[in-house]
>>> print(open('start-v3.cif').read())   # mmCIF, C-alpha atoms
data_structure
#
loop_
_atom_site.label_atom_id
_atom_site.label_comp_id
_atom_site.auth_asym_id
_atom_site.auth_seq_id
_atom_site.Cartn_x
_atom_site.Cartn_y
_atom_site.Cartn_z
CA MET A 14 0.00 0.00 0.00
CA LEU A 15 2.72 2.38 1.07
CA LYS A 16 4.79 1.25 -1.90
CA ASN A 17 1.97 2.14 -4.28
CA ALA A 18 1.59 5.56 -2.71
CA ILE A 19 5.31 6.24 -3.08
CA LEU A 20 5.27 5.11 -6.72
CA THR A 21 2.29 7.37 -7.46
CA LEU A 22 4.07 10.23 -5.78
CA LEU A 23 7.17 9.54 -7.84
CA SER A 24 5.20 9.61 -11.11
CA LEU A 25 3.55 12.87 -10.12
CA ALA A 26 6.85 14.42 -9.09
CA ILE A 27 8.46 13.47 -12.41
CA ALA A 28 5.45 14.71 -14.37
CA ILE A 29 5.15 18.10 -12.68
CA GLY A 30 8.86 18.71 -12.13
CA LEU A 31 10.06 17.71 -15.57
CA GLY A 32 7.02 19.20 -17.35
CA GLY A 33 7.42 22.57 -15.64
CA TYR A 34 11.18 22.67 -16.01
CA SER A 35 11.09 21.79 -19.71
CA VAL A 36 8.70 24.67 -20.43
CA TRP A 37 10.89 27.06 -18.45
CA TYR A 38 13.98 25.84 -20.29
CA ALA A 39 12.38 26.09 -23.72
CA LEU A 40 11.17 29.64 -23.06
CA ASN A 41 14.61 30.82 -21.98
CA ALA A 42 16.53 29.36 -24.90
CA GLN A 43 17.53 32.08 -27.38
CA ASP A 44 17.07 29.80 -30.35
CA GLY A 45 13.58 28.69 -31.04
CA VAL A 46 11.01 27.43 -33.45
CA GLY A 47 10.43 29.62 -36.48
CA ALA A 48 13.88 31.19 -36.48
CA ILE A 49 15.49 32.28 -39.74
CA ARG A 50 19.26 32.19 -39.79
CA ILE A 51 21.37 34.17 -42.24
CA GLY A 52 25.06 33.77 -41.42
CA GLN A 53 25.29 34.44 -37.69
CA TRP A 54 22.13 36.55 -37.68
CA THR A 55 18.84 35.17 -36.40
CA ALA A 56 15.39 36.65 -36.90
CA PHE A 57 11.92 35.59 -35.84
CA PRO A 58 9.60 37.06 -38.49
CA GLU A 59 6.53 35.44 -36.97
CA VAL A 60 7.06 36.34 -33.33
CA GLY A 61 4.19 38.35 -31.98
CA THR A 62 1.77 37.50 -34.77
CA LEU A 63 -1.25 35.22 -34.60
CA ALA A 64 0.62 32.75 -36.84
CA ALA A 65 3.36 32.26 -34.24
CA ASP A 66 4.00 28.90 -32.61
CA PRO A 67 2.87 28.30 -28.99
CA TYR A 68 6.44 28.73 -27.71
CA SER A 69 6.83 32.25 -29.10
CA LYS A 70 3.34 33.11 -27.92
CA ALA A 71 4.24 32.06 -24.39
CA ARG A 72 7.52 33.96 -24.60
CA VAL A 73 5.75 37.10 -25.80
CA ALA A 74 3.29 36.89 -22.90
CA ARG A 75 5.96 36.19 -20.32
CA GLU A 76 8.35 38.93 -21.34
CA GLY A 77 5.84 41.60 -22.27
CA VAL A 78 7.27 42.05 -25.75
CA LEU A 79 5.47 44.14 -28.33
CA ALA A 80 7.05 42.78 -31.50
CA LEU A 81 7.58 44.91 -34.60
CA GLY A 82 4.89 44.48 -37.22
CA GLN A 83 5.63 43.58 -40.83
CA ALA A 84 5.17 47.13 -42.08
CA GLU A 85 7.47 48.42 -39.34
CA GLY A 86 10.59 46.31 -39.60
CA LEU A 87 12.48 43.15 -38.83
CA ALA A 88 15.19 42.66 -36.20
CA PHE A 89 18.13 40.28 -36.46
CA VAL A 90 20.17 39.21 -33.44
CA ALA A 91 23.73 37.84 -33.54
CA GLU A 92 25.35 36.17 -30.56
CA ARG A 93 28.43 34.72 -32.27
CA ASP A 94 31.08 36.01 -34.65
CA ASP A 95 31.81 34.38 -38.00
CA ALA A 96 34.28 31.96 -36.41
CA GLY A 97 31.48 30.70 -34.15
CA GLU A 98 32.85 32.26 -30.94
CA PRO A 99 30.36 34.00 -28.62
CA LEU A 100 30.52 37.81 -28.80
CA LYS A 101 32.28 39.44 -25.83
CA ARG A 102 32.13 43.03 -24.68
CA GLU A 103 35.89 43.15 -24.04
CA CYS A 104 36.72 42.24 -27.66
CA THR A 105 36.85 44.41 -30.76
CA TYR A 106 34.99 43.39 -33.89
CA THR A 107 34.66 44.49 -37.48
CA ILE A 108 31.23 44.27 -39.05
CA GLU A 109 31.53 44.52 -42.81
CA GLY A 110 29.47 43.88 -45.88
CA GLY A 111 26.36 44.96 -47.69
CA TYR A 112 22.86 45.38 -46.34
CA PRO A 113 19.52 44.41 -47.87
CA THR A 114 17.00 46.96 -49.07
CA ALA A 115 15.36 49.00 -46.35
CA ARG A 116 14.54 52.64 -45.71
CA PHE A 117 17.14 52.60 -42.97
CA TRP A 118 18.62 50.28 -40.40
CA THR A 119 19.89 50.57 -36.85
CA LEU A 120 22.60 48.53 -35.17
CA TYR A 121 23.23 48.36 -31.45
CA ALA A 122 25.22 46.30 -28.99
CA ALA A 123 22.97 44.60 -26.45
CA ASP A 124 23.23 42.73 -23.18
CA GLN A 125 21.54 39.45 -22.26
CA SER A 126 18.05 40.99 -22.09
CA LEU A 127 18.57 42.58 -25.54
CA GLY A 128 18.51 46.10 -24.10
CA VAL A 129 21.26 48.44 -25.28
CA ILE A 130 24.43 48.05 -23.19
CA ASP A 131 25.21 50.81 -20.75
CA THR A 132 28.69 52.14 -21.48
CA GLY A 133 28.46 54.91 -18.89
CA LYS A 134 29.40 57.46 -21.55
CA PRO A 135 27.27 60.07 -23.34
CA ARG A 136 27.75 58.31 -26.66
CA GLN A 137 25.12 55.64 -27.18
CA SER A 138 26.09 52.16 -28.22
CA ALA A 139 23.95 52.43 -31.34
CA LEU A 140 24.40 53.43 -34.98
CA GLN A 141 22.02 54.05 -37.85
CA SER A 142 22.42 53.92 -41.60
CA TYR A 143 21.98 57.65 -42.34
CA ASP A 144 25.18 58.33 -40.38
CA MET A 145 27.35 55.75 -42.12
CA LEU A 146 30.49 56.31 -44.14
CA ARG A 147 30.21 54.04 -47.15
CA ARG A 148 32.77 52.51 -49.45
CA PRO A 149 32.51 53.01 -53.24
CA ASP A 150 30.60 49.72 -53.62
CA ASN A 151 28.04 50.92 -51.02
CA SER A 152 29.20 48.44 -48.40
CA VAL A 153 29.82 49.54 -44.82
CA VAL A 154 32.67 48.75 -42.45
CA ILE A 155 31.95 49.26 -38.75
CA SER A 156 34.57 48.98 -36.01
CA VAL A 157 33.20 47.79 -32.68
CA GLY A 158 35.19 48.39 -29.51
CA SER A 159 35.80 50.53 -26.45
CA ARG A 160 38.53 52.63 -28.16
CA PRO A 161 37.63 55.22 -30.81
CA ALA A 162 38.27 54.04 -34.36
CA PRO A 163 38.35 55.91 -37.68
CA GLY A 164 35.37 55.50 -39.98
CA ASN A 165 32.24 54.06 -38.44
CA TRP A 166 32.65 53.31 -34.75
CA LEU A 167 30.24 51.48 -32.48
CA LEU A 168 31.14 52.08 -28.84
CA THR A 169 31.05 49.15 -26.44
CA GLY A 170 32.59 48.62 -23.04
CA GLY A 171 32.63 46.49 -19.93
CA SER A 172 32.90 42.74 -20.03
CA GLY A 173 30.66 39.75 -20.48
CA LYS A 174 28.36 38.45 -23.17
CA MET A 175 27.24 40.75 -25.93
CA TYR A 176 24.69 40.61 -28.73
CA PHE A 177 24.36 42.68 -31.86
CA VAL A 178 20.86 43.70 -32.85
CA LEU A 179 20.42 44.82 -36.45
CA THR A 180 16.96 46.12 -37.31
CA PHE A 181 15.72 46.99 -40.78
CA TYR A 182 12.83 49.41 -40.97
CA ASP A 183 10.21 49.60 -43.70
CA THR A 184 11.78 46.76 -45.60
CA PRO A 185 10.50 44.24 -48.14
CA ILE A 186 12.50 41.47 -46.46
CA ALA A 187 10.01 41.46 -43.57
CA SER A 188 7.57 39.64 -45.81
CA SER A 189 8.56 36.01 -45.94
CA THR A 190 9.20 35.88 -49.70
CA GLY A 191 11.95 38.47 -49.46
CA LEU A 192 14.13 36.50 -47.07
CA SER A 193 15.46 33.85 -49.44
CA ASP A 194 18.35 35.72 -51.08
CA VAL A 195 19.28 38.21 -48.39
CA THR A 196 22.91 38.58 -47.35
CA LEU A 197 23.86 40.27 -44.12
CA PRO A 198 27.24 41.68 -43.03
CA ARG A 199 29.87 39.44 -41.50
CA ILE A 200 31.12 39.80 -37.94
CA LEU A 201 34.91 39.39 -37.68
CA LYS A 202 36.85 39.40 -34.45
CA ALA A 203 39.71 41.88 -34.54
CA GLY A 204 41.21 41.30 -31.09
CA CYS A 205 40.59 41.08 -27.37
CA ASN A 206 41.66 42.96 -24.26
CA ALA A 207 42.27 39.93 -22.11
CA MET B 17 11.37 -3.20 -10.11
CA ARG B 18 8.81 -3.48 -12.89
CA LYS B 19 6.52 -1.28 -10.87
CA LEU B 20 9.21 1.38 -10.49
CA LEU B 21 9.82 1.39 -14.24
CA HIS B 22 6.09 1.60 -14.80
CA ALA B 23 5.85 4.59 -12.46
CA MET B 24 8.72 6.37 -14.21
CA ILE B 25 7.28 5.85 -17.69
CA LEU B 26 3.96 7.13 -16.39
CA GLY B 27 5.81 10.13 -14.96
CA LEU B 28 7.47 10.91 -18.28
CA LEU B 29 4.13 10.68 -20.07
CA GLY B 30 2.68 13.00 -17.46
CA ALA B 31 5.59 15.39 -17.96
CA GLY B 32 4.69 15.64 -21.63
CA ILE B 33 1.09 16.46 -20.78
CA VAL B 34 2.11 19.00 -18.12
CA HIS B 35 4.54 20.61 -20.61
CA ILE B 36 1.77 21.14 -23.16
CA VAL B 37 -0.78 22.34 -20.60
CA VAL B 38 1.64 24.80 -18.97
CA LEU B 39 2.74 26.09 -22.37
CA PHE B 40 -0.81 26.96 -23.36
CA LEU B 41 -1.69 28.39 -19.95
CA VAL B 42 1.28 30.81 -19.81
CA PRO B 43 -0.32 33.42 -22.13
CA GLU B 44 -3.64 33.14 -20.27
CA PHE B 45 -2.27 33.74 -16.82
CA SER B 46 0.81 35.88 -17.44
CA GLU B 47 0.86 39.00 -15.30
CA ARG B 48 3.97 40.30 -16.99
CA ASP B 49 2.57 40.69 -20.50
CA ALA B 50 2.49 44.04 -22.26
CA TRP B 51 -1.16 44.74 -21.40
CA SER B 52 -0.63 44.16 -17.67
CA ARG B 53 2.50 46.31 -17.62
CA LEU B 54 0.74 49.14 -19.40
CA ALA B 55 -2.26 48.79 -17.10
CA MET B 56 0.03 49.34 -14.15
CA ALA B 57 1.50 52.45 -15.78
CA SER B 58 -1.64 54.22 -16.97
CA ASP B 59 -5.34 54.21 -17.79
CA LEU B 60 -7.22 53.25 -20.92
CA TYR B 61 -7.07 55.85 -23.75
CA LYS B 62 -3.94 57.46 -22.38
CA MET B 63 -0.75 57.64 -24.44
CA THR B 64 2.12 56.36 -22.32
CA ARG B 65 5.78 56.56 -23.21
CA LEU B 66 7.37 53.12 -23.47
CA ASP B 67 11.02 54.21 -23.61
CA ALA B 68 13.09 55.03 -20.56
CA GLU B 69 13.61 58.65 -21.72
CA ALA B 70 10.43 59.85 -20.02
CA GLY B 71 11.82 58.80 -16.63
CA GLY B 72 11.75 55.47 -14.88
CA ALA B 73 12.35 52.04 -16.32
CA PRO B 74 10.97 51.26 -19.77
CA VAL B 75 7.43 49.91 -19.52
CA VAL B 76 7.77 47.38 -22.29
CA LYS B 77 11.16 45.98 -23.15
CA SER B 78 13.02 45.55 -26.43
CA VAL B 79 12.61 49.04 -27.78
CA ASP B 80 15.33 50.13 -30.22
CA PRO B 81 17.62 52.69 -28.47
CA LEU B 82 17.29 54.98 -31.48
CA PHE B 83 13.52 54.95 -31.20
CA TYR B 84 10.98 56.57 -28.94
CA ALA B 85 7.64 54.84 -28.53
CA ALA B 86 4.28 55.47 -26.93
CA ALA B 87 1.27 53.23 -26.46
CA CYS B 88 -2.34 53.41 -25.36
CA ARG B 89 -4.76 50.70 -24.38
CA PHE B 90 -8.29 50.74 -25.74
CA ASP B 91 -11.51 48.78 -25.54
CA LEU B 92 -13.58 48.70 -28.72
CA THR B 93 -16.76 47.78 -26.84
CA ASP B 94 -16.79 51.45 -25.74
CA GLY B 95 -16.69 52.70 -29.35
CA LEU B 96 -14.15 53.59 -32.01
CA VAL B 97 -10.76 54.80 -30.97
CA ARG B 98 -8.91 57.45 -32.94
CA ILE B 99 -5.17 58.04 -32.71
CA ARG B 100 -3.63 61.23 -34.00
CA ALA B 101 -0.21 62.83 -33.79
CA PRO B 102 0.81 66.20 -35.22
CA GLY B 103 4.14 67.19 -36.68
CA ASP B 104 6.80 65.78 -38.89
CA VAL B 105 9.37 63.23 -37.78
CA PRO B 106 11.83 61.33 -39.98
CA PHE B 107 9.99 58.03 -39.61
CA TRP B 108 7.12 56.72 -37.59
CA SER B 109 5.38 53.40 -37.58
CA ALA B 110 2.31 52.15 -35.77
CA SER B 111 0.97 48.78 -34.73
CA VAL B 112 -2.28 47.46 -33.33
CA TYR B 113 -1.94 44.59 -30.86
CA ASP B 114 -4.64 42.42 -29.33
CA ARG B 115 -5.03 41.77 -25.60
CA ASN B 116 -2.31 39.07 -25.65
CA GLY B 117 0.24 41.23 -27.45
CA HIS B 118 -0.16 39.77 -30.94
CA ASN B 119 0.48 42.17 -33.76
CA ILE B 120 -2.80 42.48 -35.70
CA TYR B 121 -1.99 45.30 -38.09
CA SER B 122 0.93 47.60 -38.74
CA PHE B 123 1.66 50.54 -41.02
CA ASN B 124 4.18 53.35 -41.36
CA ASP B 125 4.32 56.97 -42.47
CA HIS B 126 4.54 56.06 -46.17
CA ASN B 127 1.15 54.36 -45.90
CA ALA B 128 -0.50 57.40 -44.39
CA ASN B 129 -2.22 60.35 -45.99
CA GLY B 130 0.32 63.20 -46.14
CA GLU B 131 2.57 61.25 -43.74
CA LYS B 132 0.35 62.38 -40.85
CA LEU B 133 -0.62 59.86 -38.21
CA ASP B 134 -4.41 59.74 -38.14
CA ALA B 135 -5.84 56.29 -37.58
CA VAL B 136 -9.14 54.84 -36.41
CA VAL B 137 -9.34 51.37 -34.91
CA LEU B 138 -12.73 49.70 -35.03
CA THR B 139 -14.44 46.34 -35.23
CA PRO B 140 -15.91 45.05 -38.52
CA ALA B 141 -19.41 45.73 -37.18
CA GLN B 142 -18.56 49.33 -36.36
CA MET B 143 -16.96 49.65 -39.80
CA ILE B 144 -20.30 48.85 -41.44
CA ASP B 145 -21.96 51.59 -39.36
CA VAL B 146 -19.26 54.16 -40.15
CA ARG B 147 -19.24 53.37 -43.88
CA ARG B 148 -22.93 54.15 -44.12
CA ASP B 149 -22.27 57.77 -43.28
CA LEU B 150 -18.60 58.67 -43.12
CA PRO B 151 -18.08 61.84 -41.03
CA GLU B 152 -16.24 64.65 -42.81
CA ASP B 153 -13.28 64.79 -40.44
CA LEU B 154 -12.59 61.06 -40.69
CA GLN B 155 -12.10 61.20 -44.47
CA GLY B 156 -8.30 61.18 -44.37
CA ALA B 157 -7.88 58.65 -41.59
CA ILE B 158 -6.52 55.14 -41.91
CA PHE B 159 -9.20 52.66 -40.86
CA VAL B 160 -7.90 49.59 -39.08
CA GLU B 161 -10.53 46.89 -38.90
CA ALA B 162 -9.63 44.62 -35.99
CA PRO B 163 -11.79 41.72 -34.82
CA ILE B 164 -10.83 42.37 -31.18
CA GLU B 165 -12.24 44.09 -28.12
CA GLU B 166 -9.34 45.09 -25.93
CA GLY B 167 -6.13 46.10 -27.63
CA ILE B 168 -3.00 48.20 -27.60
CA PHE B 169 -1.96 50.86 -30.10
CA VAL B 170 1.78 51.56 -30.33
CA VAL B 171 3.48 54.43 -32.14
CA ARG B 172 7.23 54.25 -32.71
CA ALA B 173 9.26 57.19 -33.95
CA PHE B 174 12.86 57.25 -35.16
CA VAL B 175 15.39 59.52 -33.44
CA PRO B 176 18.31 59.77 -35.91
CA ASP B 177 20.49 61.83 -33.57
CA GLU B 178 20.58 63.98 -30.44
CA SER B 179 19.11 67.05 -32.16
CA TRP B 180 15.89 65.22 -33.07
CA LYS B 181 15.15 64.20 -29.47
CA PRO B 182 12.96 67.20 -28.51
CA ILE B 183 11.06 67.10 -31.80
CA VAL B 184 10.33 63.39 -31.59
CA SER B 185 9.43 63.69 -27.90
CA ARG B 186 6.95 66.43 -28.74
CA PHE B 187 5.48 64.31 -31.54
CA LEU B 188 4.72 61.52 -29.09
CA GLU B 189 3.61 63.76 -26.23
CA GLN B 190 1.11 65.56 -28.44
CA SER B 191 -0.28 62.35 -29.82
CA ALA B 192 -3.83 61.68 -28.74
CA CYS B 193 -5.72 58.47 -28.23
CA GLU B 194 -9.42 59.10 -27.77
CA LEU B 195 -12.85 57.59 -28.06
CA GLN B 196 -14.51 58.87 -31.20
CA ASP B 197 -18.20 59.70 -31.57
CA TYR B 198 -19.82 59.06 -34.89
#
>>> encode(input="start-v3.cif", output="structure tokens")
Amino acid sequence: MLKNAILTLLSLAIAIGLGGYSVWYALNAQDGVGAIRIGQWTAFPEVGTLAADPYSKARVAREGVLALGQAEGLAFVAERDDAGEPLKRECTYTIEGGYPTARFWTLYAADQSLGVIDTGKPRQSALQSYDMLRRPDNSVVISVGSRPAPGNWLLTGGSGKMYFVLTFYDTPIASSTGLSDVTLPRILKAGCNA
Amino acid sequence: MRKLLHAMILGLLGAGIVHIVVLFLVPEFSERDAWSRLAMASDLYKMTRLDAEAGGAPVVKSVDPLFYAAACRFDLTDGLVRIRAPGDVPFWSASVYDRNGHNIYSFNDHNANGEKLDAVVLTPAQMIDVRRDLPEDLQGAIFVEAPIEEGIFVVRAFVPDESWKPIVSRFLEQSACELQDY
């Protein structure tokens, strides 16, 4: 009798514990269902729409996100450089290449919660395409680091994990058909202050 | 031993069921979703700044640092809601969300008449009523037909650099979100 009770208790404990934990784990993972990967950049075009999968719906509800609509824009997040190493705030990077069609784009360095990182300086850790110096072939080279750099410079600072968030506004790539032949800039590590 | 194995398999099956149930219940019971956060910050039909610039922590997260945003909650069972904002900014975009934070409809300044933000959100039933006799001053507005009752309207405006901050702030502060008689 007691043995049966303990076995029932065990089943219940496994069911509730594992079930709850697996949901929590799935909702915290950065990767998810419905992600589109281009190089190291990941976007979730369907997040926050009625067509989204149950996981993104739960994530939206839990984090209070108000996702960009299709006519507004599409955000890409990168957490690794082109060599596959996680991005670090103490390292310097070069982001270079061309950008897909959009009215404009913004790029910022973000922390774990995808908010802009606080450098403690008046200069924001964000850039936008109207302020870019371009090369003759219209591509853009951006230096990322805590020390000023010639050309386009994105200020970062501190230490720890870092993400780049690249958002295109008023862009045809936000509709699913446009995403097939899009190329995004590459993220190259230039060095680290160990 | 067989009984223990039986109990563990049963537990794993149960875990699958619990996983699915919890997943679908999260949106229903979340108290941290955008609607709840906005409800804590302000009333219905009141434009509230979402970015941290207006003081305090940002109400809703994941706003582009080069953007300012404002939102108001509305309830279409009270009537139509009209959102207007005066002035010129480099770029604005707007979205209508339902109670659970799903994006129902979005548009930007290139979709609008004269690049002015003037939008009316209404249910399909109200749309039929309004169409019958369209008031003069609603002629230029964008009509957003949304099959929802409660919802959130968000306006985002681009701040290209420091010098645009006061202009964009004024654009959002002067924006109005009001019940419309017809």
>>> closest_atom_pairs(input="start-v3.cif", of="chain A", to="chain B", cutoff="9 Å", atoms="all atoms listed in the file", output="tab-separated table")
residue	atom	partner	partner_atom	distance
A:Asn17	CA	B:Lys19	CA	8.7
A:Leu20	CA	B:Ala23	CA	5.8
A:Thr21	CA	B:Ala23	CA	6.7
A:Leu22	CA	B:Ala23	CA	8.9
A:Leu23	CA	B:Ala23	CA	6.9
A:Ser24	CA	B:Gly27	CA	3.9
A:Leu25	CA	B:Gly27	CA	6.0
A:Ala26	CA	B:Gly27	CA	7.3
A:Ile27	CA	B:Gly27	CA	5.0
A:Ala28	CA	B:Ala31	CA	3.7
A:Ile29	CA	B:Ala31	CA	6.0
A:Gly30	CA	B:Ala31	CA	7.5
A:Leu31	CA	B:Ala31	CA	5.6
A:Gly32	CA	B:Ala31	CA	4.1
A:Gly33	CA	B:His35	CA	6.1
A:Tyr34	CA	B:His35	CA	8.3
A:Ser35	CA	B:His35	CA	6.7
A:Val36	CA	B:His35	CA	5.8
A:Val60	CA	B:His118	CA	8.3
A:Gly61	CA	B:His118	CA	4.7
A:Thr62	CA	B:His118	CA	4.9
A:Leu63	CA	B:His118	CA	5.9
A:Ala65	CA	B:His118	CA	8.9
A:Pro67	CA	B:Phe40	CA	6.9
A:Tyr68	CA	B:Leu39	CA	7.0
A:Lys70	CA	B:Pro43	CA	6.9
A:Ala71	CA	B:Pro43	CA	5.3
A:Arg72	CA	B:Pro43	CA	8.2
A:Val73	CA	B:Gly117	CA	7.1
A:Ala74	CA	B:Asp49	CA	4.6
A:Arg75	CA	B:Asp49	CA	5.6
A:Glu76	CA	B:Asp49	CA	6.1
A:Gly77	CA	B:Asp49	CA	3.8
A:Val78	CA	B:Lys77	CA	6.1
A:Leu79	CA	B:Gly117	CA	6.0
A:Ala80	CA	B:Asn119	CA	7.0
A:Leu81	CA	B:Asn119	CA	7.7
A:Gly82	CA	B:Ser122	CA	5.3
A:Gln83	CA	B:Ser122	CA	6.5
A:Ala84	CA	B:Phe123	CA	5.0
A:Glu85	CA	B:Ser109	CA	5.7
A:Thr119	CA	B:Leu82	CA	7.4
A:Leu120	CA	B:Asp80	CA	8.9
A:Tyr121	CA	B:Pro81	CA	7.7
A:Ser126	CA	B:Ser78	CA	8.1
A:Leu127	CA	B:Ser78	CA	6.4
A:Gly128	CA	B:Ser78	CA	6.0
A:Val129	CA	B:Pro81	CA	6.4
A:Gln137	CA	B:Pro81	CA	8.2
A:Ser138	CA	B:Pro81	CA	8.5
A:Ala139	CA	B:Pro81	CA	7.0
A:Leu140	CA	B:Leu82	CA	8.1
A:Gln141	CA	B:Pro176	CA	7.1
A:Tyr143	CA	B:Pro176	CA	7.7
A:Asp144	CA	B:Pro176	CA	8.3
A:Val178	CA	B:Asp80	CA	8.9
A:Thr180	CA	B:Asp80	CA	8.3
A:Asp183	CA	B:Asn124	CA	7.5
>>> resolve_selection(input="start-v3.cif", expression="the PyMOL selection byres ((chain A and resi 177) around 9)", output="list of chain:residue names")
A:Trp54, A:Phe89, A:Val90, A:Ala91, A:Glu92, A:Arg93, A:Leu100, A:Leu120, A:Tyr121, A:Ala122, A:Ala123, A:Asp124, A:Leu127, A:Met175, A:Tyr176, A:Val178, A:Leu179
>>> residues_around(input="start-v3.cif", residues="A:Ser159", least_positions_apart="6", cutoff="8 Å", atoms="only C-alpha atoms", output="list in words")
Glu103, Thr105, Leu168, Thr169 and Gly170 of chain A
>>> atom_distance(input="start-v3.cif", atom1="atom CA of A:Val157", atom2="atom CA of A:Phe181")
19.3 Å
>>> residues_around(input="start-v3.cif", residues="stretch 128-135 of chain B", least_positions_apart="5", cutoff="7 Å", atoms="all atoms listed in the file", output="number ranges by chain")
B: 98-102, 156-159
>>> resolve_selection(input="start-v3.cif", expression="the PyMOL selection byres ((chain A and resi 47) around 9)", output="ChimeraX atom specification")
/A:45-46,48-49,56-60,65-66,69
>>> atom_distance(input="start-v3.cif", atom1="atom CA of A:Ala115", atom2="atom CA of A:Pro185")
7.0 Å
>>> resolve_selection(input="start-v3.cif", expression="the PyMOL selection byres ((chain A and resi 145) around 10)", output="VMD selection string")
chain A and resid 140 to 144 146 to 148 152 to 155 164 to 166
>>> atom_distance(input="start-v3.cif", atom1="atom CA of A:Cys205", atom2="atom CA of A:Lys174")
13.2 Å
>>> closest_residue(input="start-v3.cif", among="A:Glu98, A:Leu167, A:Val195, A:Gly86", to="A:Arg136", atoms="only C-alpha atoms")
A:Leu167
>>> closest_residue(input="start-v3.cif", among="B:Ala85, B:Leu96, B:Met63, B:Ala192", to="B:Pro140", atoms="all atoms listed in the file")
B:Leu96
>>> closest_residue(input="start-v3.cif", among="A:Tyr182, A:Tyr106, A:Leu15, A:Thr55", to="A:Ala162", atoms="all atoms listed in the file")
A:Tyr106
>>> residues_around(input="start-v3.cif", residues="A:Thr196", least_positions_apart="4", cutoff="8 Å", atoms="only C-alpha atoms", output="JSON list (two decimals) with C-alpha atoms, in the coordinates of the input")
[["chain", "number", "residue", "atom", "x", "y", "z"],
["A", 51, "ILE", "CA", 21.37, 34.17, -42.24],
["A", 52, "GLY", "CA", 25.06, 33.77, -41.42],
["A", 111, "GLY", "CA", 26.36, 44.96, -47.69],
["A", 112, "TYR", "CA", 22.86, 45.38, -46.34],
["A", 113, "PRO", "CA", 19.52, 44.41, -47.87]]
>>> closest_residue(input="start-v3.cif", among="B:Gln190, B:Ser58, B:Thr93, B:Gln196", to="B:Leu154", atoms="only C-alpha atoms")
B:Gln196
